[in-house]
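Structure first, commentary second.
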Amino acid sequence: MSSFTRRRFLSLSAATLGTTAAGTWTTTLAVDATPAPGEVKEIPTFCEMCFWRCGGIAHVRDGKLWKFEGNPRDPQSNGRLCPRGTGAVGAHYDPDRLRQPLMRVGERGKEQWKAVGWDEALGFVAERMNRIKAEHGPESVALFNHGFGQRFFQHVLKTWGVINYAGSSYAQCRGARDVGFLLTYGAGVGSPEPTDIRNTDCLVLVGSHLGENMHNSQVQEFAQAVERRASVIVVDPRFSVAASKAKYWLPVKPGTDLALIMAWCNLLVQEGRYDKAFVAQHGHGFDKFVEAIKGNTVEWAAEQCDVSPELIVAAAREMASHRPATIVHPGRRVNWYGDDTQRSRGIALLNALLGNYGRKGGLYVAQGISMAPYGLNKYPEHARHRLDGAEADRYPFADEGITTSIRDATVSGKPYPIKGWFVYSTNLMQALPSEAETIKAIQNLDLLVVCETMPSEMAGWADVILPDTIFLERHDELLTGFGRNGWAALRQPVVAAPHDQKPAWWIAKELANKLGIGECMPFKDLEEYLKVRVEKSGHSWDKLKAEGVIMAPHKPITVEEGLALEFATPSGKVEFWSDQLAAKGFDAVPKYTKHPEAPPGSFRLITGRAPGHTFSRTQTNPLLHDLMPENEIWVNAATAARLGIRNREYVTLKNQDGVLSNRVRVKATQRIREDTVYMVYGFGHSNKLMKTAYLMGASAGQLNSSYRTDPIMGATSIHTNFVSLVKEA
């Protein structure tokens with residue numbers, strides 16, 4: 001294998017990873033006979049192009065995947081899909097997909113592979129896992145997971161003895177928000193967020209890009225709210241799509257959001273514009289809260305945020321005038337500056353002052369659905385404690401695993417070593433801060449397994465790559481959703497995988513057999529598993545296959561419908577003053593502190609999403625690539641002129657640590673502050689096997705080399721880096 005050459009590698013990659021034109025593929029339904037000419041089958045399933053998981057209906061014409069549309073029975077899509085969902089057909093036909101298992105033959109990270117069969121790949125993984133277990137214990141293997149397909153990977157690995165597992169969706173996306181609301185109301189926010197935008201009269205968006213993040217049902221309701229002239233207030237350094245619909249746009253200086261939020265709280269209290277009845281009945285520690293925020297004046301916030309005091313006052317009075325049918329949106333991907341639990345708690349407290357919890361047009365109390373379990377095995381007890389931050393004193397309010405805690409333990413080897421990583425459906429090179437720290441951790445591993453659909457940057461570092469199917473080609477666990485109604489949705493295969501890709505549940509089941517724990521997956525296939533669950537719950541399996549969705553009976557979700565409010569906090573009330581935080585040495589009421597300024601000649605880099613792409617997963621999708629082949633760096637037009645940079649000119653970004661980006665096109669615009677630059681993340685792929693997206697645009701993740709960690713629950717910042725613009729020679 002030492003003689004394996006680059007030329008041989010390139011030849012292999014063409015054979016195994018795909019240069020075949022999409023039109024020549026002949027995938028058909030695995031369960032169907034040859035279809036009649038022109039025959040169209042409609043098969044319901046639910047989407048995985050993002051975490052919203054909308055119900056859709058796949059159309060298969062002449063046995064080939066044709067189109068994917070929304071399922072009108074599904075509460076997430078209401079019969080409509082976003083651009084990503086509609087473009088899911090392209091994921092099936094993506095020419096850059098991984099096609100069969102690959103094993104590393106060269107130096108780790110050099111992207112040199114040999115194609116192997118599943119038996120050889122999984123046999124190698126099982127042998128290496130058992131070696132680690134014998135030398136270090138099963139706790140020394142960790143799982144990084146994202147997406148719905150991870151369910152049975154986690155089950156098998158926990159049965160084998162894994163206790164350290166985490167998804168980047170927590171510490172790199174929503175965790176601070178959920179903990180902030182949990183500390184305030186005794187309940188997290190969940191997904192989808194229980195925002196009654198359908199009935200609201202005023203919607204406040206603090207750095208939340210509705211219309212660009214394309215969270216389907218919320219975007220539909222947002223469009224309806226705009227149509228009926230509901231007030232919209234947007235806080236954002238950039239004139240986003242949402243800001244273009246706003247009555248008030250507050251272009252705050254990045255990092256000052258908490259100053260504005262607490263000044264709004266203080267103004268509502270001082271002017272008596274808060275919901276006194278709600279606070280009197282449901283508030284805990286309100287007097288101490290009022291005393292703590294007295295210094296947060298409008299004038300002080302105007303100076304911190306660099307917006308006019310008149311604008312701050314007008315926006316506060318606008319939201320108060322519509323209470324309780326006012327929503328300050330909890331947001332998503334809110335881990336920005338390292339103090340994000342307190343900022344999210346500030347948003348939770350502002351909502352509480354507006355009295356909108358459990359109210360029509362405010363934050364409703366989501367309802368779920370109960371589905372019977374299959375009855376799988378229990379997991380073994382462990383003497384060792386977890387190193388993923390979920391059960392340690394390092395981050396006292398973490399309630400899920402933290403990716404960077406696993407990475408830290410892998411680097412340090414303390415208190416016990418992490419020697420194996422399983423990475424399912426997450427590109428840690430772009431998702432985690434500090435690519436250099438991730439690479440350092442990888443070099444300490446004895447085993448790195450990546451299960452993916454695409455040859456991501458993370459896959460480029462693997463010892464073994466296991467090619468997953470896309471969601472249109474497999475069964476998955478039942479989706480049980482929370483919302484205005486609870487619901488359950490079925491994912492079922494629409495077409496067969498085009499090559500030797502296998503669904504995650506199958507890979508997990510085969511690995512369990514190799515590890516000698518096959519009894520933990522006691523079903524023939526996932527259809528058998530799903531049918532048992534559905535029928536034990538008293539529902540028709542055939543009807544679910546035909547319709548795709550089961551809706552639970554409606555229960556009250558607002559006070560107006562008869563809901564009795566309850567709060568699972570220590571006080572049993574909304575905690576304006578948090579004794580829990582105070583007991584751990586944190587501020588009981590959120591307190592703003594200044595963040596570092598940009599060095600001379602540099603700008604704070606902020607990031608966001610595009611409606612046509614999902615993280616770093618869709619840039620090679622032939623349909624979505626056409627919509628947006630590369631990202632841009634937004635630069636204020638006056639700043640660009642001062643730097644001698646023209647609109648659409650290419651530049652390189654250099655951050656404060658000397659990290660250089662790929663070349664990226666400049667968007668010179670008046671729609672952003674002069675001290676700030678912005679770009680969509682997920683681009684700038686450096687794995688050469690992603691031929692369609694290779695070096696297209698710049699990677700925001702690569703530039704995120706400096707980060708801060710929220711001491712309350714472990715979230716890592718994404719907006720604490722500064723860049724300068726380097727003109728091309």
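Just remember, in the structure tokens the first chain shown is A, the second B, etc., residues are 1-based per chain, and ligands are 1-based in the order shown.
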Checklist entry - as a list in words, which residues of region 278-329 of chain A does DSSP assign to strand (DSSP E)? => result Gly283, His284, Thr326, Ile327 and Val328 of chain A
Listing only residues of region 649-688 of chain A within 12 Å of region 449-471 of chain A, what is the closest atom pair and its distance in Å (to one decimal) for each, using only C-alpha atoms, sorted by chain and residue number ascending, as a tab-separated table?
```
residue	atom	partner	partner_atom	distance
A:Gly682	CA	A:Ser456	CA	10.9
A:Phe683	CA	A:Ser456	CA	11.2
A:Gly684	CA	A:Glu457	CA	10.2
A:His685	CA	A:Glu457	CA	7.0
A:Ser686	CA	A:Glu457	CA	6.5
A:Asn687	CA	A:Glu457	CA	5.3
A:Lys688	CA	A:Pro455	CA	8.6
```
Restricting the output to all heavy atoms, write the selected residues as a PDB file, in the first residue's frame.
```pdb
ATOM      1  N   GLY A 682     -20.648  27.529   5.095  1.00  0.00           N
ATOM      2  CA  GLY A 682     -20.856  26.246   4.436  1.00  0.00           C
ATOM      3  C   GLY A 682     -20.108  26.082   3.136  1.00  0.00           C
ATOM      4  O   GLY A 682     -20.091  24.988   2.563  1.00  0.00           O
ATOM      5  N   PHE A 683     -19.462  27.148   2.651  1.00  0.00           N
ATOM      6  CA  PHE A 683     -18.756  27.081   1.376  1.00  0.00           C
ATOM      7  C   PHE A 683     -17.252  26.919   1.616  1.00  0.00           C
ATOM      8  O   PHE A 683     -16.798  26.704   2.727  1.00  0.00           O
ATOM      9  CB  PHE A 683     -19.049  28.336   0.555  1.00  0.00           C
ATOM     10  CG  PHE A 683     -20.442  28.379  -0.001  1.00  0.00           C
ATOM     11  CD1 PHE A 683     -21.512  28.776   0.783  1.00  0.00           C
ATOM     12  CD2 PHE A 683     -20.692  28.005  -1.315  1.00  0.00           C
ATOM     13  CE1 PHE A 683     -22.800  28.809   0.283  1.00  0.00           C
ATOM     14  CE2 PHE A 683     -21.973  28.032  -1.831  1.00  0.00           C
ATOM     15  CZ  PHE A 683     -23.040  28.430  -1.032  1.00  0.00           C
ATOM     16  N   GLY A 684     -16.474  27.038   0.526  1.00  0.00           N
ATOM     17  CA  GLY A 684     -15.027  26.947   0.633  1.00  0.00           C
ATOM     18  C   GLY A 684     -14.518  25.539   0.845  1.00  0.00           C
ATOM     19  O   GLY A 684     -13.561  25.323   1.584  1.00  0.00           O
ATOM     20  N   HIS A 685     -15.111  24.560   0.192  1.00  0.00           N
ATOM     21  CA  HIS A 685     -14.716  23.159   0.405  1.00  0.00           C
ATOM     22  C   HIS A 685     -13.299  22.906  -0.107  1.00  0.00           C
ATOM     23  O   HIS A 685     -12.932  23.334  -1.201  1.00  0.00           O
ATOM     24  CB  HIS A 685     -15.695  22.218  -0.289  1.00  0.00           C
ATOM     25  CG  HIS A 685     -17.022  22.153   0.397  1.00  0.00           C
ATOM     26  ND1 HIS A 685     -17.203  21.467   1.576  1.00  0.00           N
ATOM     27  CD2 HIS A 685     -18.225  22.700   0.089  1.00  0.00           C
ATOM     28  CE1 HIS A 685     -18.482  21.589   1.959  1.00  0.00           C
ATOM     29  NE2 HIS A 685     -19.113  22.332   1.074  1.00  0.00           N
ATOM     30  N   SER A 686     -12.546  22.163   0.710  1.00  0.00           N
ATOM     31  CA  SER A 686     -11.151  21.878   0.369  1.00  0.00           C
ATOM     32  C   SER A 686     -10.901  20.420   0.029  1.00  0.00           C
ATOM     33  O   SER A 686      -9.772  20.060  -0.306  1.00  0.00           O
ATOM     34  CB  SER A 686     -10.235  22.295   1.528  1.00  0.00           C
ATOM     35  OG  SER A 686     -10.588  21.605   2.715  1.00  0.00           O
ATOM     36  N   ASN A 687     -11.919  19.555   0.129  1.00  0.00           N
ATOM     37  CA  ASN A 687     -11.766  18.160  -0.274  1.00  0.00           C
ATOM     38  C   ASN A 687     -11.927  18.087  -1.800  1.00  0.00           C
ATOM     39  O   ASN A 687     -12.985  18.418  -2.339  1.00  0.00           O
ATOM     40  CB  ASN A 687     -12.807  17.282   0.419  1.00  0.00           C
ATOM     41  CG  ASN A 687     -12.537  15.803   0.216  1.00  0.00           C
ATOM     42  OD1 ASN A 687     -12.054  15.373  -0.831  1.00  0.00           O
ATOM     43  ND2 ASN A 687     -12.853  15.006   1.227  1.00  0.00           N
ATOM     44  N   LYS A 688     -10.881  17.636  -2.474  1.00  0.00           N
ATOM     45  CA  LYS A 688     -10.887  17.644  -3.935  1.00  0.00           C
ATOM     46  C   LYS A 688     -11.929  16.716  -4.535  1.00  0.00           C
ATOM     47  O   LYS A 688     -12.269  16.834  -5.720  1.00  0.00           O
ATOM     48  CB  LYS A 688      -9.495  17.282  -4.457  1.00  0.00           C
ATOM     49  CG  LYS A 688      -8.443  18.332  -4.153  1.00  0.00           C
ATOM     50  CD  LYS A 688      -7.079  17.925  -4.683  1.00  0.00           C
ATOM     51  CE  LYS A 688      -6.045  19.008  -4.347  1.00  0.00           C
ATOM     52  NZ  LYS A 688      -4.683  18.634  -4.811  1.00  0.00           N
TER      53      LYS A 688
END
```
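Nearest residue to Leu182 (chain A) among A:Pro611, A:Pro330, A:Pro373, A:Gly149 is A:Pro330, counting only C-alpha atoms.
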Checklist entry - Expressed in Å to a single decimal, how great is the separation between CA of Ala121 (chain A) and CA of Arg617 (chain A)? => result 23.9 Å
Can you list, as a PDB file with N, CA and C atoms, in the first residue's frame, all residues belonging to region 417-536 of chain A that DSSP tags as helix (DSSP H, G or I)?
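Just written: selection02.pdb:
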```pdb
ATOM      1  N   LEU A 428     -17.267  18.127  10.931  1.00  0.00           N
ATOM      2  CA  LEU A 428     -16.690  18.804  12.089  1.00  0.00           C
ATOM      3  C   LEU A 428     -15.674  19.859  11.696  1.00  0.00           C
ATOM      4  N   MET A 429     -15.056  19.734  10.550  1.00  0.00           N
ATOM      5  CA  MET A 429     -14.079  20.735  10.121  1.00  0.00           C
ATOM      6  C   MET A 429     -14.726  22.103   9.914  1.00  0.00           C
ATOM      7  N   GLN A 430     -15.987  22.115   9.520  1.00  0.00           N
ATOM      8  CA  GLN A 430     -16.685  23.385   9.359  1.00  0.00           C
ATOM      9  C   GLN A 430     -17.590  23.694  10.542  1.00  0.00           C
ATOM     10  N   ALA A 431     -18.037  22.670  11.249  1.00  0.00           N
ATOM     11  CA  ALA A 431     -18.999  22.893  12.329  1.00  0.00           C
ATOM     12  C   ALA A 431     -18.343  23.369  13.618  1.00  0.00           C
ATOM     13  N   GLU A 435     -10.256  24.806  13.444  1.00  0.00           N
ATOM     14  CA  GLU A 435      -9.893  23.628  12.656  1.00  0.00           C
ATOM     15  C   GLU A 435      -8.586  23.018  13.156  1.00  0.00           C
ATOM     16  N   ALA A 436      -7.662  23.873  13.596  1.00  0.00           N
ATOM     17  CA  ALA A 436      -6.367  23.371  14.069  1.00  0.00           C
ATOM     18  C   ALA A 436      -6.531  22.472  15.293  1.00  0.00           C
ATOM     19  N   GLU A 437      -7.434  22.815  16.212  1.00  0.00           N
ATOM     20  CA  GLU A 437      -7.656  21.986  17.390  1.00  0.00           C
ATOM     21  C   GLU A 437      -8.298  20.660  17.015  1.00  0.00           C
ATOM     22  N   THR A 438      -9.176  20.674  16.034  1.00  0.00           N
ATOM     23  CA  THR A 438      -9.802  19.428  15.586  1.00  0.00           C
ATOM     24  C   THR A 438      -8.761  18.499  14.975  1.00  0.00           C
ATOM     25  N   ILE A 439      -7.875  19.040  14.151  1.00  0.00           N
ATOM     26  CA  ILE A 439      -6.826  18.224  13.536  1.00  0.00           C
ATOM     27  C   ILE A 439      -5.885  17.673  14.607  1.00  0.00           C
ATOM     28  N   LYS A 440      -5.558  18.491  15.601  1.00  0.00           N
ATOM     29  CA  LYS A 440      -4.690  18.028  16.687  1.00  0.00           C
ATOM     30  C   LYS A 440      -5.326  16.849  17.423  1.00  0.00           C
ATOM     31  N   ALA A 441      -6.626  16.926  17.655  1.00  0.00           N
ATOM     32  CA  ALA A 441      -7.322  15.821  18.318  1.00  0.00           C
ATOM     33  C   ALA A 441      -7.313  14.568  17.449  1.00  0.00           C
ATOM     34  N   ILE A 442      -7.556  14.732  16.163  1.00  0.00           N
ATOM     35  CA  ILE A 442      -7.599  13.588  15.248  1.00  0.00           C
ATOM     36  C   ILE A 442      -6.270  12.834  15.251  1.00  0.00           C
ATOM     37  N   ALA A 459     -14.548  13.766   6.202  1.00  0.00           N
ATOM     38  CA  ALA A 459     -14.316  12.457   5.602  1.00  0.00           C
ATOM     39  C   ALA A 459     -12.881  12.330   5.097  1.00  0.00           C
ATOM     40  N   GLY A 460     -12.292  13.431   4.671  1.00  0.00           N
ATOM     41  CA  GLY A 460     -10.926  13.401   4.185  1.00  0.00           C
ATOM     42  C   GLY A 460      -9.910  12.989   5.236  1.00  0.00           C
ATOM     43  N   TRP A 461     -10.273  13.053   6.523  1.00  0.00           N
ATOM     44  CA  TRP A 461      -9.372  12.669   7.613  1.00  0.00           C
ATOM     45  C   TRP A 461      -9.655  11.269   8.147  1.00  0.00           C
ATOM     46  N   PHE A 471     -32.040  10.581   2.456  1.00  0.00           N
ATOM     47  CA  PHE A 471     -33.296  10.259   3.130  1.00  0.00           C
ATOM     48  C   PHE A 471     -34.343   9.672   2.197  1.00  0.00           C
ATOM     49  N   LEU A 472     -34.261   9.931   0.908  1.00  0.00           N
ATOM     50  CA  LEU A 472     -35.245   9.411  -0.034  1.00  0.00           C
ATOM     51  C   LEU A 472     -35.004   7.933  -0.363  1.00  0.00           C
ATOM     52  N   GLU A 473     -33.948   7.362   0.188  1.00  0.00           N
ATOM     53  CA  GLU A 473     -33.560   5.996  -0.150  1.00  0.00           C
ATOM     54  C   GLU A 473     -33.637   5.043   1.040  1.00  0.00           C
ATOM     55  N   ALA A 504     -28.216   4.025   7.361  1.00  0.00           N
ATOM     56  CA  ALA A 504     -27.509   4.023   8.646  1.00  0.00           C
ATOM     57  C   ALA A 504     -27.976   2.889   9.548  1.00  0.00           C
ATOM     58  N   TRP A 505     -29.283   2.588   9.568  1.00  0.00           N
ATOM     59  CA  TRP A 505     -29.759   1.519  10.449  1.00  0.00           C
ATOM     60  C   TRP A 505     -29.139   0.183  10.048  1.00  0.00           C
ATOM     61  N   TRP A 506     -28.978  -0.053   8.739  1.00  0.00           N
ATOM     62  CA  TRP A 506     -28.376  -1.298   8.262  1.00  0.00           C
ATOM     63  C   TRP A 506     -26.909  -1.363   8.663  1.00  0.00           C
ATOM     64  N   ILE A 507     -26.197  -0.255   8.503  1.00  0.00           N
ATOM     65  CA  ILE A 507     -24.782  -0.212   8.877  1.00  0.00           C
ATOM     66  C   ILE A 507     -24.641  -0.504  10.371  1.00  0.00           C
ATOM     67  N   ALA A 508     -25.508   0.139  11.181  1.00  0.00           N
ATOM     68  CA  ALA A 508     -25.454  -0.071  12.629  1.00  0.00           C
ATOM     69  C   ALA A 508     -25.743  -1.530  12.977  1.00  0.00           C
ATOM     70  N   LYS A 509     -26.723  -2.117  12.309  1.00  0.00           N
ATOM     71  CA  LYS A 509     -27.091  -3.511  12.590  1.00  0.00           C
ATOM     72  C   LYS A 509     -25.945  -4.462  12.226  1.00  0.00           C
ATOM     73  N   GLU A 510     -25.318  -4.234  11.078  1.00  0.00           N
ATOM     74  CA  GLU A 510     -24.202  -5.077  10.670  1.00  0.00           C
ATOM     75  C   GLU A 510     -23.004  -4.901  11.590  1.00  0.00           C
ATOM     76  N   LEU A 511     -22.761  -3.672  12.015  1.00  0.00           N
ATOM     77  CA  LEU A 511     -21.662  -3.438  12.950  1.00  0.00           C
ATOM     78  C   LEU A 511     -21.931  -4.140  14.278  1.00  0.00           C
ATOM     79  N   ALA A 512     -23.187  -4.098  14.735  1.00  0.00           N
ATOM     80  CA  ALA A 512     -23.545  -4.797  15.971  1.00  0.00           C
ATOM     81  C   ALA A 512     -23.227  -6.286  15.867  1.00  0.00           C
ATOM     82  N   ASN A 513     -23.514  -6.880  14.721  1.00  0.00           N
ATOM     83  CA  ASN A 513     -23.190  -8.292  14.528  1.00  0.00           C
ATOM     84  C   ASN A 513     -21.683  -8.529  14.610  1.00  0.00           C
ATOM     85  N   LYS A 514     -20.911  -7.645  13.995  1.00  0.00           N
ATOM     86  CA  LYS A 514     -19.449  -7.783  14.030  1.00  0.00           C
ATOM     87  C   LYS A 514     -18.912  -7.637  15.455  1.00  0.00           C
ATOM     88  N   GLY A 518     -25.330  -8.403  18.305  1.00  0.00           N
ATOM     89  CA  GLY A 518     -26.415  -8.341  17.330  1.00  0.00           C
ATOM     90  C   GLY A 518     -27.796  -8.383  17.948  1.00  0.00           C
ATOM     91  N   GLU A 519     -27.915  -8.928  19.166  1.00  0.00           N
ATOM     92  CA  GLU A 519     -29.228  -9.006  19.810  1.00  0.00           C
ATOM     93  C   GLU A 519     -29.794  -7.638  20.156  1.00  0.00           C
ATOM     94  N   CYS A 520     -28.984  -6.595  20.124  1.00  0.00           N
ATOM     95  CA  CYS A 520     -29.507  -5.252  20.430  1.00  0.00           C
ATOM     96  C   CYS A 520     -30.336  -4.689  19.281  1.00  0.00           C
ATOM     97  N   LEU A 526     -35.833  -2.374   9.230  1.00  0.00           N
ATOM     98  CA  LEU A 526     -36.466  -1.261   9.927  1.00  0.00           C
ATOM     99  C   LEU A 526     -37.955  -1.173   9.639  1.00  0.00           C
ATOM    100  N   GLU A 527     -38.401  -1.692   8.510  1.00  0.00           N
ATOM    101  CA  GLU A 527     -39.841  -1.694   8.259  1.00  0.00           C
ATOM    102  C   GLU A 527     -40.552  -2.538   9.308  1.00  0.00           C
ATOM    103  N   GLU A 528     -39.985  -3.672   9.667  1.00  0.00           N
ATOM    104  CA  GLU A 528     -40.573  -4.504  10.721  1.00  0.00           C
ATOM    105  C   GLU A 528     -40.615  -3.733  12.045  1.00  0.00           C
ATOM    106  N   TYR A 529     -39.520  -3.080  12.379  1.00  0.00           N
ATOM    107  CA  TYR A 529     -39.435  -2.282  13.616  1.00  0.00           C
ATOM    108  C   TYR A 529     -40.513  -1.196  13.638  1.00  0.00           C
ATOM    109  N   LEU A 530     -40.646  -0.473  12.546  1.00  0.00           N
ATOM    110  CA  LEU A 530     -41.598   0.633  12.477  1.00  0.00           C
ATOM    111  C   LEU A 530     -43.040   0.131  12.559  1.00  0.00           C
ATOM    112  N   LYS A 531     -43.319  -0.945  11.863  1.00  0.00           N
ATOM    113  CA  LYS A 531     -44.675  -1.491  11.878  1.00  0.00           C
ATOM    114  C   LYS A 531     -45.082  -1.887  13.286  1.00  0.00           C
ATOM    115  N   VAL A 532     -44.170  -2.501  14.027  1.00  0.00           N
ATOM    116  CA  VAL A 532     -44.471  -2.887  15.410  1.00  0.00           C
ATOM    117  C   VAL A 532     -44.811  -1.650  16.230  1.00  0.00           C
ATOM    118  N   ARG A 533     -44.023  -0.604  16.131  1.00  0.00           N
ATOM    119  CA  ARG A 533     -44.264   0.610  16.911  1.00  0.00           C
ATOM    120  C   ARG A 533     -45.614   1.242  16.568  1.00  0.00           C
ATOM    121  N   VAL A 534     -45.895   1.330  15.287  1.00  0.00           N
ATOM    122  CA  VAL A 534     -47.124   1.992  14.846  1.00  0.00           C
ATOM    123  C   VAL A 534     -48.352   1.190  15.285  1.00  0.00           C
ATOM    124  N   GLU A 535     -48.331  -0.113  15.084  1.00  0.00           N
ATOM    125  CA  GLU A 535     -49.503  -0.917  15.415  1.00  0.00           C
ATOM    126  C   GLU A 535     -49.679  -1.062  16.921  1.00  0.00           C
ATOM    127  N   LYS A 536     -48.573  -1.116  17.691  1.00  0.00           N
ATOM    128  CA  LYS A 536     -48.686  -1.116  19.153  1.00  0.00           C
ATOM    129  C   LYS A 536     -49.314   0.180  19.653  1.00  0.00           C
TER     130      LYS A 536
END
```
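Using only C-alpha atoms, the shortest contact distance between Val290 (chain A) and any of A:Ala488, A:Ala263, A:Val313, A:Ile57 is found at A:Ala263.
Among the candidates A:His329, A:His613, A:Arg708, A:Arg642, the one nearest to His625 (chain A) when counting only C-alpha atoms is A:His613.
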Next on the checklist: Which residues are near Pro570 (chain A)? Cut-off 9 Å, only C-alpha atoms, ignore same chain within fewer than 3 positions. Put them as a PyMOL selection string.
Outcome noted: chain A and resi 186+567+573+575+579-580
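Proximity to Arg474 (chain A) at 6 Å, evaluated using only C-alpha atoms and with sequence-adjacent residues fewer than 4 positions away removed, yields A:Gln492, A:Pro493, A:Pro503.
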Pick out the residues sitting within 9 Å of Gly601 (chain A), and hand them over as a PDB file with N, CA and C atoms, in the first residue's frame; count only C-alpha atoms, and ignore anything fewer than 6 positions along from it in its own chain.
```
ATOM      1  N   VAL A 723     -11.583  40.033  10.428  1.00  0.00           N
ATOM      2  CA  VAL A 723     -10.872  39.779   9.175  1.00  0.00           C
ATOM      3  C   VAL A 723     -10.505  41.082   8.493  1.00  0.00           C
ATOM      4  N   SER A 724      -9.413  41.033   7.756  1.00  0.00           N
ATOM      5  CA  SER A 724      -9.069  42.095   6.825  1.00  0.00           C
ATOM      6  C   SER A 724      -9.224  41.554   5.414  1.00  0.00           C
ATOM      7  N   LEU A 725      -9.359  42.439   4.457  1.00  0.00           N
ATOM      8  CA  LEU A 725      -9.583  42.055   3.067  1.00  0.00           C
ATOM      9  C   LEU A 725      -8.293  42.253   2.291  1.00  0.00           C
TER      10      LEU A 725
END
```
Checklist entry - Please, what distance in Å, to one decimal, runs between CA of Thr403 (chain A) and CA of Gly714 (chain A)? => result 9.2 Å
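Picture a line from CA of Gly38 (chain A) to CA of Arg61 (chain A); it runs 6.3 Å.
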Next on the checklist: Env of Tyr170 (chain A): 10 Å cut, atoms = only C-alpha atoms, seq-sep filter 3 positions within chain, self excluded. Answer as a count of residues only.
Outcome noted: 21
Checklist entry - Leaving out region 277-288 of chain A and any residue of its chain fewer than 3 positions from it, which residues lie within 7 Å of it when counting only C-alpha atoms, given as a PyMOL selection string? => result chain A and resi 291-292+355+571+573-577
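Of the residues under consideration (A:Leu349, A:Asn631, A:Ala242, A:His499), A:Leu349 shows the shortest atom-to-atom contact distance to Val589 (chain A) when counting only C-alpha atoms.
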